[in-house]
Amino acid sequence: MNTSSASLPGGTWTLGDSSVTRFGYGAMQLAGPWVMGPPADHDGALAVLREAVGLGITHIDTSDAYGPRFTNELIREALHPYPEPLFIATKVGATRDAQGGWPTARRPEDLRKQVHENLGSLGVDTLDLVNLRMGDAQGPRPGSIAEAFETLVDLRQEGLIRHLGVSNVTAEQVVEARSIAPIVCVQNMYNLAHRHDDDLVDHLAADGIAYVPFFPLGGFTPLQSEALSRVANRLGTTPMSVALAWLLRRSPNILLIPGTSSLAHLRENVAGAGLSLSDEDVAELDGIGH
């Protein structure tokens, strides 16, 4: 299946100095259970990545912490040398422990090590985008991000990073980061049922900064809502398709990175996000998060 980027739902967005498809792909689910170890189907994982690019997707989100290393190594095996329009975003700020936890790792030496690990596993000299992940597994936590973010600014000045972003952050931390250096995106949890960043989405849109929701479909517990199911049934589609289509309609700066390890599911996500929602549909869906 081959499609051009122009036919993907949502069109494109300028991320830094690159035009990327608003419909992207999140690679986290390519690793083994709980994002640890290799995939159960190695060749299947490679096929999903190649299909994503074949469909015209030019924005892939990953991290060397996924696996750890396995997801980045799959991306390299499947797609290197990378086609010119492909934009790969990664993140730093957490590592993995033997129990599958995500301990924070944000000292300057930790961040430098993670950036070099991402460079090595992806097989590149410069990373397109590095998001600094703050907070913890429960969500954002208040506090200064200056020391950690300034470390990434230094690495960018050394030529190892092209663009910077922040993830799992409060609105105040976004302001602090932007006072230190330009950012091209914020990556936080956001979906139909979790609307806490509504104001932030709109402020970023006004400033031309992307908002990239992680867990756009609810994460490990898929979104469930009577209203969502009702709209999906009325349109003859799935709740997940409606959730993706709502996000694309919510604001032009929202970039989607739904993940899957299934070719069929990847194609369903692309088709579903292209769903046309009426004003009445949107009004009903807006009631879920409010």
# chains A, B, ... in the order shown; residues from 1 in each chain; ligands from 1

call {"tool": "closest_atom_pairs", "arguments": {"of": "segment 107-222 of chain A", "to": "segment 77-96 of chain A", "cutoff": "8 Å", "atoms": "only C-alpha atoms", "output": "CSV"}}
result
residue,atom,partner,partner_atom,distance
A:Asp110,CA,A:Gly93,CA,7.8
A:Leu111,CA,A:Gly93,CA,6.4
A:Gln114,CA,A:Val92,CA,6.2
A:Val115,CA,A:Val92,CA,7.1
A:Asn118,CA,A:Thr90,CA,7.6
A:Gly123,CA,A:His80,CA,7.7
A:Leu127,CA,A:Ile88,CA,7.4
A:Asp128,CA,A:Ile88,CA,5.9
A:Leu129,CA,A:Ala89,CA,4.7
A:Val130,CA,A:Thr90,CA,5.0
A:Asn131,CA,A:Lys91,CA,4.4
A:Leu132,CA,A:Val92,CA,5.4
A:Arg133,CA,A:Gly93,CA,5.0
A:Met134,CA,A:Gly93,CA,6.6

call {"tool": "select_by_dssp", "arguments": {"residues": "segment 16-225 of chain A", "states": "alpha helix (DSSP H)", "output": "PyMOL selection string"}}
result
chain A and resi 42-54+70-79+108-122+146-157+171-180+198-206

call {"tool": "closest_atom_pairs", "arguments": {"of": "segment 135-249 of chain A", "to": "segment 269-282 of chain A", "cutoff": "7 Å", "atoms": "only C-alpha atoms", "output": "JSON lines"}}
result
{"residue": "A:Val231", "atom": "CA", "partner": "A:Asp281", "partner_atom": "CA", "distance": 6.5}
{"residue": "A:Ser241", "atom": "CA", "partner": "A:Gly272", "partner_atom": "CA", "distance": 4.1}
{"residue": "A:Val242", "atom": "CA", "partner": "A:Gly272", "partner_atom": "CA", "distance": 6.8}
{"residue": "A:Leu244", "atom": "CA", "partner": "A:Ala273", "partner_atom": "CA", "distance": 5.0}
{"residue": "A:Ala245", "atom": "CA", "partner": "A:Ala273", "partner_atom": "CA", "distance": 4.3}

call {"tool": "write_last_selection", "arguments": {"atoms": "N, CA, C and O atoms", "output": "PDB file, in the first residue's frame"}}
result
ATOM      1  N   VAL A 231     -21.496   7.967  19.314  1.00  0.00           N
ATOM      2  CA  VAL A 231     -21.107   8.646  18.076  1.00  0.00           C
ATOM      3  C   VAL A 231     -20.511   7.640  17.087  1.00  0.00           C
ATOM      4  O   VAL A 231     -20.821   7.673  15.889  1.00  0.00           O
ATOM      5  N   SER A 241     -11.408   5.296  16.185  1.00  0.00           N
ATOM      6  CA  SER A 241     -11.382   6.154  15.000  1.00  0.00           C
ATOM      7  C   SER A 241     -11.951   7.529  15.320  1.00  0.00           C
ATOM      8  O   SER A 241     -11.402   8.560  14.912  1.00  0.00           O
ATOM      9  N   VAL A 242     -13.049   7.554  16.063  1.00  0.00           N
ATOM     10  CA  VAL A 242     -13.671   8.819  16.444  1.00  0.00           C
ATOM     11  C   VAL A 242     -12.721   9.628  17.320  1.00  0.00           C
ATOM     12  O   VAL A 242     -12.584  10.852  17.149  1.00  0.00           O
ATOM     13  N   LEU A 244      -9.449   9.626  17.389  1.00  0.00           N
ATOM     14  CA  LEU A 244      -8.359  10.192  16.592  1.00  0.00           C
ATOM     15  C   LEU A 244      -8.856  11.350  15.730  1.00  0.00           C
ATOM     16  O   LEU A 244      -8.197  12.393  15.628  1.00  0.00           O
ATOM     17  N   ALA A 245     -10.011  11.162  15.115  1.00  0.00           N
ATOM     18  CA  ALA A 245     -10.567  12.221  14.271  1.00  0.00           C
ATOM     19  C   ALA A 245     -10.862  13.475  15.097  1.00  0.00           C
ATOM     20  O   ALA A 245     -10.639  14.605  14.638  1.00  0.00           O
TER      21      ALA A 245
END

call {"tool": "closest_atom_pairs", "arguments": {"of": "segment 2-121 of chain A", "to": "segment 137-155 of chain A", "cutoff": "9 Å", "atoms": "only C-alpha atoms", "output": "JSON lines"}}
result
{"residue": "A:Gly93", "atom": "CA", "partner": "A:Ala148", "partner_atom": "CA", "distance": 8.4}
{"residue": "A:Gly101", "atom": "CA", "partner": "A:Ala137", "partner_atom": "CA", "distance": 8.8}
{"residue": "A:Trp102", "atom": "CA", "partner": "A:Ala137", "partner_atom": "CA", "distance": 7.2}
{"residue": "A:Pro103", "atom": "CA", "partner": "A:Ala137", "partner_atom": "CA", "distance": 8.9}
{"residue": "A:Arg106", "atom": "CA", "partner": "A:Ala148", "partner_atom": "CA", "distance": 5.9}
{"residue": "A:Arg107", "atom": "CA", "partner": "A:Ala148", "partner_atom": "CA", "distance": 6.5}
{"residue": "A:Pro108", "atom": "CA", "partner": "A:Thr151", "partner_atom": "CA", "distance": 5.8}
{"residue": "A:Glu109", "atom": "CA", "partner": "A:Thr151", "partner_atom": "CA", "distance": 8.8}
{"residue": "A:Leu111", "atom": "CA", "partner": "A:Thr151", "partner_atom": "CA", "distance": 7.3}
{"residue": "A:Arg112", "atom": "CA", "partner": "A:Leu155", "partner_atom": "CA", "distance": 7.6}
{"residue": "A:Val115", "atom": "CA", "partner": "A:Leu155", "partner_atom": "CA", "distance": 8.4}

call {"tool": "write_last_selection", "arguments": {"atoms": "all heavy atoms", "output": "PDB file, in the first residue's frame"}}
result
ATOM      1  N   GLY A  93      15.393  11.514  29.667  1.00  0.00           N
ATOM      2  CA  GLY A  93      14.958  11.934  30.990  1.00  0.00           C
ATOM      3  C   GLY A  93      14.537  10.788  31.881  1.00  0.00           C
ATOM      4  O   GLY A  93      14.276  10.978  33.067  1.00  0.00           O
ATOM      5  N   GLY A 101      10.397  -0.637  35.393  1.00  0.00           N
ATOM      6  CA  GLY A 101      10.060   0.715  35.833  1.00  0.00           C
ATOM      7  C   GLY A 101      10.755   1.767  34.976  1.00  0.00           C
ATOM      8  O   GLY A 101      11.588   1.454  34.126  1.00  0.00           O
ATOM      9  N   TRP A 102      10.396   3.026  35.250  1.00  0.00           N
ATOM     10  CA  TRP A 102      10.938   4.151  34.478  1.00  0.00           C
ATOM     11  C   TRP A 102      11.598   5.157  35.420  1.00  0.00           C
ATOM     12  O   TRP A 102      11.116   6.293  35.567  1.00  0.00           O
ATOM     13  CB  TRP A 102       9.818   4.855  33.701  1.00  0.00           C
ATOM     14  CG  TRP A 102       9.076   3.985  32.741  1.00  0.00           C
ATOM     15  CD1 TRP A 102       8.078   3.104  33.039  1.00  0.00           C
ATOM     16  CD2 TRP A 102       9.260   3.917  31.328  1.00  0.00           C
ATOM     17  NE1 TRP A 102       7.628   2.492  31.892  1.00  0.00           N
ATOM     18  CE2 TRP A 102       8.333   2.971  30.826  1.00  0.00           C
ATOM     19  CE3 TRP A 102      10.114   4.573  30.424  1.00  0.00           C
ATOM     20  CZ2 TRP A 102       8.238   2.659  29.479  1.00  0.00           C
ATOM     21  CZ3 TRP A 102      10.013   4.253  29.079  1.00  0.00           C
ATOM     22  CH2 TRP A 102       9.090   3.307  28.613  1.00  0.00           C
ATOM     23  N   PRO A 103      12.693   4.799  36.079  1.00  0.00           N
ATOM     24  CA  PRO A 103      13.325   5.757  36.990  1.00  0.00           C
ATOM     25  C   PRO A 103      13.825   6.993  36.234  1.00  0.00           C
ATOM     26  O   PRO A 103      14.312   6.892  35.106  1.00  0.00           O
ATOM     27  CB  PRO A 103      14.494   4.970  37.589  1.00  0.00           C
ATOM     28  CG  PRO A 103      14.751   3.853  36.641  1.00  0.00           C
ATOM     29  CD  PRO A 103      13.434   3.518  36.023  1.00  0.00           C
ATOM     30  N   ARG A 106      17.916  12.578  34.973  1.00  0.00           N
ATOM     31  CA  ARG A 106      17.949  13.908  34.383  1.00  0.00           C
ATOM     32  C   ARG A 106      19.157  14.743  34.820  1.00  0.00           C
ATOM     33  O   ARG A 106      19.180  15.956  34.614  1.00  0.00           O
ATOM     34  CB  ARG A 106      16.641  14.646  34.722  1.00  0.00           C
ATOM     35  CG  ARG A 106      15.436  14.021  34.040  1.00  0.00           C
ATOM     36  CD  ARG A 106      14.217  14.908  34.094  1.00  0.00           C
ATOM     37  NE  ARG A 106      13.594  14.925  35.391  1.00  0.00           N
ATOM     38  CZ  ARG A 106      12.516  14.187  35.722  1.00  0.00           C
ATOM     39  NH1 ARG A 106      11.981  13.363  34.841  1.00  0.00           N
ATOM     40  NH2 ARG A 106      11.985  14.275  36.925  1.00  0.00           N
ATOM     41  N   ARG A 107      20.152  14.094  35.421  1.00  0.00           N
ATOM     42  CA  ARG A 107      21.386  14.827  35.688  1.00  0.00           C
ATOM     43  C   ARG A 107      22.080  15.090  34.341  1.00  0.00           C
ATOM     44  O   ARG A 107      21.875  14.331  33.380  1.00  0.00           O
ATOM     45  CB  ARG A 107      22.306  14.025  36.601  1.00  0.00           C
ATOM     46  CG  ARG A 107      21.736  13.767  37.995  1.00  0.00           C
ATOM     47  CD  ARG A 107      22.658  12.851  38.782  1.00  0.00           C
ATOM     48  NE  ARG A 107      22.845  11.574  38.080  1.00  0.00           N
ATOM     49  CZ  ARG A 107      23.695  10.623  38.451  1.00  0.00           C
ATOM     50  NH1 ARG A 107      24.449  10.803  39.524  1.00  0.00           N
ATOM     51  NH2 ARG A 107      23.803   9.502  37.761  1.00  0.00           N
ATOM     52  N   PRO A 108      22.894  16.133  34.252  1.00  0.00           N
ATOM     53  CA  PRO A 108      23.553  16.422  32.976  1.00  0.00           C
ATOM     54  C   PRO A 108      24.267  15.209  32.379  1.00  0.00           C
ATOM     55  O   PRO A 108      24.152  14.948  31.169  1.00  0.00           O
ATOM     56  CB  PRO A 108      24.532  17.542  33.338  1.00  0.00           C
ATOM     57  CG  PRO A 108      23.841  18.275  34.455  1.00  0.00           C
ATOM     58  CD  PRO A 108      23.153  17.201  35.255  1.00  0.00           C
ATOM     59  N   GLU A 109      24.971  14.438  33.214  1.00  0.00           N
ATOM     60  CA  GLU A 109      25.687  13.269  32.681  1.00  0.00           C
ATOM     61  C   GLU A 109      24.724  12.195  32.184  1.00  0.00           C
ATOM     62  O   GLU A 109      25.008  11.485  31.211  1.00  0.00           O
ATOM     63  CB  GLU A 109      26.662  12.699  33.725  1.00  0.00           C
ATOM     64  CG  GLU A 109      26.028  12.262  35.033  1.00  0.00           C
ATOM     65  CD  GLU A 109      26.001  13.339  36.108  1.00  0.00           C
ATOM     66  OE1 GLU A 109      25.877  14.539  35.755  1.00  0.00           O
ATOM     67  OE2 GLU A 109      26.095  12.979  37.301  1.00  0.00           O
ATOM     68  N   LEU A 111      21.717  12.753  30.858  1.00  0.00           N
ATOM     69  CA  LEU A 111      21.119  13.212  29.607  1.00  0.00           C
ATOM     70  C   LEU A 111      22.108  13.101  28.450  1.00  0.00           C
ATOM     71  O   LEU A 111      21.735  12.706  27.335  1.00  0.00           O
ATOM     72  CB  LEU A 111      20.631  14.654  29.763  1.00  0.00           C
ATOM     73  CG  LEU A 111      19.497  14.831  30.777  1.00  0.00           C
ATOM     74  CD1 LEU A 111      19.237  16.314  31.017  1.00  0.00           C
ATOM     75  CD2 LEU A 111      18.229  14.130  30.314  1.00  0.00           C
ATOM     76  N   ARG A 112      23.366  13.448  28.721  1.00  0.00           N
ATOM     77  CA  ARG A 112      24.377  13.304  27.666  1.00  0.00           C
ATOM     78  C   ARG A 112      24.503  11.835  27.237  1.00  0.00           C
ATOM     79  O   ARG A 112      24.577  11.533  26.041  1.00  0.00           O
ATOM     80  CB  ARG A 112      25.736  13.817  28.158  1.00  0.00           C
ATOM     81  CG  ARG A 112      25.819  15.323  28.206  1.00  0.00           C
ATOM     82  CD  ARG A 112      27.203  15.833  28.587  1.00  0.00           C
ATOM     83  NE  ARG A 112      27.273  17.275  28.338  1.00  0.00           N
ATOM     84  CZ  ARG A 112      27.596  17.822  27.180  1.00  0.00           C
ATOM     85  NH1 ARG A 112      27.907  17.034  26.148  1.00  0.00           N
ATOM     86  NH2 ARG A 112      27.607  19.124  27.035  1.00  0.00           N
ATOM     87  N   VAL A 115      21.434  10.879  25.088  1.00  0.00           N
ATOM     88  CA  VAL A 115      21.497  11.436  23.740  1.00  0.00           C
ATOM     89  C   VAL A 115      22.454  10.629  22.877  1.00  0.00           C
ATOM     90  O   VAL A 115      22.145  10.269  21.732  1.00  0.00           O
ATOM     91  CB  VAL A 115      21.894  12.930  23.784  1.00  0.00           C
ATOM     92  CG1 VAL A 115      22.321  13.429  22.402  1.00  0.00           C
ATOM     93  CG2 VAL A 115      20.728  13.764  24.303  1.00  0.00           C
TER      94      VAL A 115
END

call {"tool": "select_by_dssp", "arguments": {"residues": "segment 118-225 of chain A", "states": "strand (DSSP E)", "output": "VMD selection string"}}
result
chain A and resid 127 to 133 161 to 167 185 to 187 210 to 211

call {"tool": "residues_around", "arguments": {"residues": "Ala243 of chain A", "least_positions_apart": "5", "cutoff": "8 Å", "atoms": "only C-alpha atoms", "output": "count of residues only"}}
result
6

call {"tool": "closest_residue", "arguments": {"among": "A:Ile161, A:Leu266, A:Ala232, A:Ala177", "to": "Ala27 of chain A", "atoms": "only C-alpha atoms"}}
result
A:Leu266

call {"tool": "closest_residue", "arguments": {"among": "A:Ile180, A:Val53, A:Ala206, A:Leu74", "to": "Asp41 of chain A", "atoms": "only C-alpha atoms"}}
result
A:Leu74

call {"tool": "atom_distance", "arguments": {"atom1": "atom CA of Asn253 of chain A", "atom2": "atom CA of Cys185 of chain A"}}
result
9.1 Å

call {"tool": "closest_residue", "arguments": {"among": "A:Gly287, A:Ala210, A:Arg69, A:Ser262", "to": "Asp43 of chain A", "atoms": "only C-alpha atoms"}}
result
A:Ser262

call {"tool": "closest_atom_pairs", "arguments": {"of": "segment 181-279 of chain A", "to": "segment 28-40 of chain A", "cutoff": "10 Å", "atoms": "only C-alpha atoms", "output": "tab-separated table"}}
result
residue	atom	partner	partner_atom	distance
A:Phe220	CA	A:Trp34	CA	9.4
A:Ile257	CA	A:Met28	CA	9.9
A:Pro258	CA	A:Met28	CA	9.4
A:Gly259	CA	A:Gln29	CA	5.9
A:Thr260	CA	A:Gln29	CA	5.6
A:Ser261	CA	A:Leu30	CA	5.3
A:Ser262	CA	A:Leu30	CA	9.1

call {"tool": "closest_atom_pairs", "arguments": {"of": "segment 152-175 of chain A", "to": "segment 198-205 of chain A", "cutoff": "12 Å", "atoms": "only C-alpha atoms", "output": "Markdown table"}}
result
| residue | atom | partner | partner_atom | distance |
| --- | --- | --- | --- | --- |
| A:Val169 | CA | A:Leu200 | CA | 10.8 |
| A:Thr170 | CA | A:Leu200 | CA | 9.2 |
| A:Ala171 | CA | A:Leu200 | CA | 6.6 |
| A:Glu172 | CA | A:Leu200 | CA | 10.1 |
| A:Gln173 | CA | A:Leu200 | CA | 11.4 |
| A:Val174 | CA | A:Leu200 | CA | 9.1 |
| A:Val175 | CA | A:Leu200 | CA | 10.4 |

call {"tool": "atom_distance", "arguments": {"atom1": "atom CA of Glu176 of chain A", "atom2": "atom CA of Ile254 of chain A"}}
result
21.3 Å

call {"tool": "closest_residue", "arguments": {"among": "A:Trp246, A:Phe23, A:Trp13, A:Phe215", "to": "Leu55 of chain A", "atoms": "only C-alpha atoms"}}
result
A:Phe23
